[in-house]
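First the structure, in the form of structure tokens, and then the observations on it.
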Amino acid sequence: MAPAECDPIIEVENLKVYFYTYAGIVKAIEDVSFRICRGETYCLVGETGCGKSVTSRALTRLIYPPGRIVEGKIYYYPEPGRRVDIMSLDEKELRRIRGEEIAYIFQDPSAALDPLYTIGYQVGETMLAHGRVRSLREGVRRAVGVLKTVLMPDPEKRVKSYPHELSGGMKQRGVIGISLSNRPKLLIADEPTTALDVTIQAQIMDLLTQLKREHGLTLLLITHNLGLVAEYCDRVAVMYAGNIVEEAPVDELFSNPLHPYTRALIRAVPNPLAKIENLEHIPGTVPNLITPPPGCRFHPRCPLAFDRCSREKPLLKEYSPGHKAACWALEKS
């Protein structure tokens, strides 16, 4: 859990998200709980398909059929001492919070941008929708300043550009500009460096860090890149098959990983300084979440598994200040 002195901006309790498909009920998120402190960079990390993006979308109820939030509580704290129950809000109030107070950077900038409109139009439209400007013309004019903020090259020209006229890094800066145009309190960055080369990745992450510092943002970063986690995050939650299996301050997680899945993830990262013949990998496959394994969902792939792991689901338990893990083998040792 979060540190005792944490001033929360978002709090999630026992979240469950299911998808009702013809093949069966996909139990995508199961009993997920966490708290993000105001001003920090909190990270959700794990393999593709573990539920990171679904969790982030659930924070503002961006879950639509066949998906449904089955259970759980989500509290948003726009300012210290004032709590908003996200699950009880009507659609009008939710639309106000989305984009204005909680903004998203979605995975693929090419898919997030409308190909029929210029970048300036899309930034201006966002500000108009939330009452930041009185007209679309004013919004497009102010979009130049927004694009300058995100270090878009030649913003006066790019404000008139269509998405297909921009490079991958420029598109991502445009998406970040749209997200920041209404000065949100919480920015959710869902794999913001996907499909970008290493140099542009570093530029985008440095930009987010700079904007976070200058605008007092709280950042929720979703990634499977442990290098980004180590470099930019304050606290991290490791997800596996719809569950959080470990949560810790980032330095503690890398120096003393507790859960077997976390250890396997870290071992699987290539070390450029070491001479190795074969890369480490996690044996087995991610489970089918229509029929997930009983007990701990990682136990079919876990080298430390024993009988109890296949019968009972472990709960997150604190082993040192701020460091939690859900593993029966830790209690056995």
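Just remember, in the structure tokens the first chain shown is A, the second B, etc., residues are 1-based per chain, and ligands are 1-based in the order shown.
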
Using only C-alpha atoms, what table do you get, as a Markdown table, when you list each residue of region 233-267 of chain A with an atom no more than 12 Å from region 14-35 of chain A, its nearest pair of atoms, and their distance in Å rounded to one decimal, rows by chain then rising number?
```
| residue | atom | partner | partner_atom | distance |
| --- | --- | --- | --- | --- |
| A:Arg235 | CA | A:Arg35 | CA | 10.4 |
| A:Val236 | CA | A:Phe34 | CA | 10.3 |
| A:Ala237 | CA | A:Phe34 | CA | 8.3 |
| A:Val238 | CA | A:Val32 | CA | 11.2 |
| A:Met239 | CA | A:Val32 | CA | 9.3 |
| A:Tyr240 | CA | A:Ile29 | CA | 9.7 |
| A:Ala241 | CA | A:Ala28 | CA | 7.3 |
| A:Gly242 | CA | A:Ile29 | CA | 4.2 |
| A:Asn243 | CA | A:Glu30 | CA | 5.8 |
| A:Ile244 | CA | A:Val32 | CA | 6.2 |
| A:Val245 | CA | A:Val32 | CA | 9.5 |
| A:Glu246 | CA | A:Phe34 | CA | 10.8 |
| A:Glu247 | CA | A:Phe34 | CA | 8.7 |
| A:Ala248 | CA | A:Phe34 | CA | 11.2 |
```

(request) For Val159 (chain A), list every protein, DNA or RNA residue within 8 Å, evaluated using only C-alpha atoms, and leave out those in the same chain fewer than 3 positions away; present the list as a list in words. (result) Thr118, Ile119, Gly120, Tyr121, Val140, Ala143, Val144, Leu147, Pro155 and Glu156 of chain A

Using C-alpha atoms, can you export the residues from the last selection as an mmCIF file, in the first residue's frame?
```cif
data_model
loop_
_atom_site.group_PDB
_atom_site.id
_atom_site.type_symbol
_atom_site.label_atom_id
_atom_site.label_comp_id
_atom_site.auth_asym_id
_atom_site.auth_seq_id
_atom_site.Cartn_x
_atom_site.Cartn_y
_atom_site.Cartn_z
ATOM 1 C CA THR A 118 -5.520 18.852 -37.885
ATOM 2 C CA ILE A 119 -3.611 18.616 -34.627
ATOM 3 C CA GLY A 120 -4.562 22.201 -33.783
ATOM 4 C CA TYR A 121 -8.251 21.435 -34.315
ATOM 5 C CA VAL A 140 -6.936 26.422 -32.336
ATOM 6 C CA ALA A 143 -3.163 25.166 -29.441
ATOM 7 C CA VAL A 144 0.089 26.741 -30.641
ATOM 8 C CA LEU A 147 2.266 22.424 -28.687
ATOM 9 C CA PRO A 155 4.350 24.506 -33.568
ATOM 10 C CA GLU A 156 2.960 27.378 -35.697
#
```

(request) Skip Leu304 (chain A) itself and residues of its chain fewer than 5 positions away, then list as a ChimeraX atom specification all residues within 12 Å of it, counting only C-alpha atoms. (result) /A:258-261,263-264,296,298-299,309-310,327-333

Could I get the residues of region 77-157 of chain A with an atom no further than 8 Å from an atom of region 190-195 of chain A, each paired with its nearest atom pair and that distance in Å to one decimal, using only C-alpha atoms, sorted by chain and residue number, as JSON lines?
```
{"residue": "A:Tyr104", "atom": "CA", "partner": "A:Asp190", "partner_atom": "CA", "distance": 7.4}
{"residue": "A:Ile105", "atom": "CA", "partner": "A:Asp190", "partner_atom": "CA", "distance": 5.9}
{"residue": "A:Phe106", "atom": "CA", "partner": "A:Asp190", "partner_atom": "CA", "distance": 5.2}
{"residue": "A:Gln107", "atom": "CA", "partner": "A:Glu191", "partner_atom": "CA", "distance": 5.1}
{"residue": "A:Asp108", "atom": "CA", "partner": "A:Thr194", "partner_atom": "CA", "distance": 7.1}
```

(message) Please return, as a PyMOL selection string, all residues of region 18-258 of chain A that DSSP assigns to helix (DSSP H, G or I) on the basis of the backbone.
(response) chain A and resi 52-58+86-88+91-100+109-112+119-129+136-149+155-158+163-165+168-180+198-215+226-232+250-255

(request) Return the single residue from A:Pro184, A:Pro78, A:Gly169, A:Pro314 that is closest to Ser110 (chain A), with distances computed using only C-alpha atoms. (result)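 Under the stated criterion, the closest residue is A:Gly169.
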
Excluding Asp154 (chain A) and its own-chain neighbours fewer than 6 positions away, which residues fall within 12 Å of it when counting only C-alpha atoms? Please give them as a tab-separated table (two decimals) with C-alpha atoms, in the first residue's frame.
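Ended up saving to result-v2.tsv:
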```
chain	number	residue	atom	x	y	z
A	144	VAL	CA	0.09	26.74	-30.64
A	145	GLY	CA	1.05	27.46	-27.03
A	147	LEU	CA	2.27	22.42	-28.69
A	148	LYS	CA	5.13	24.68	-27.60
A	160	LYS	CA	-2.15	23.00	-39.25
A	161	SER	CA	-0.76	19.50	-39.90
A	166	LEU	CA	3.75	13.87	-38.52
A	170	MET	CA	5.44	14.28	-33.18
```
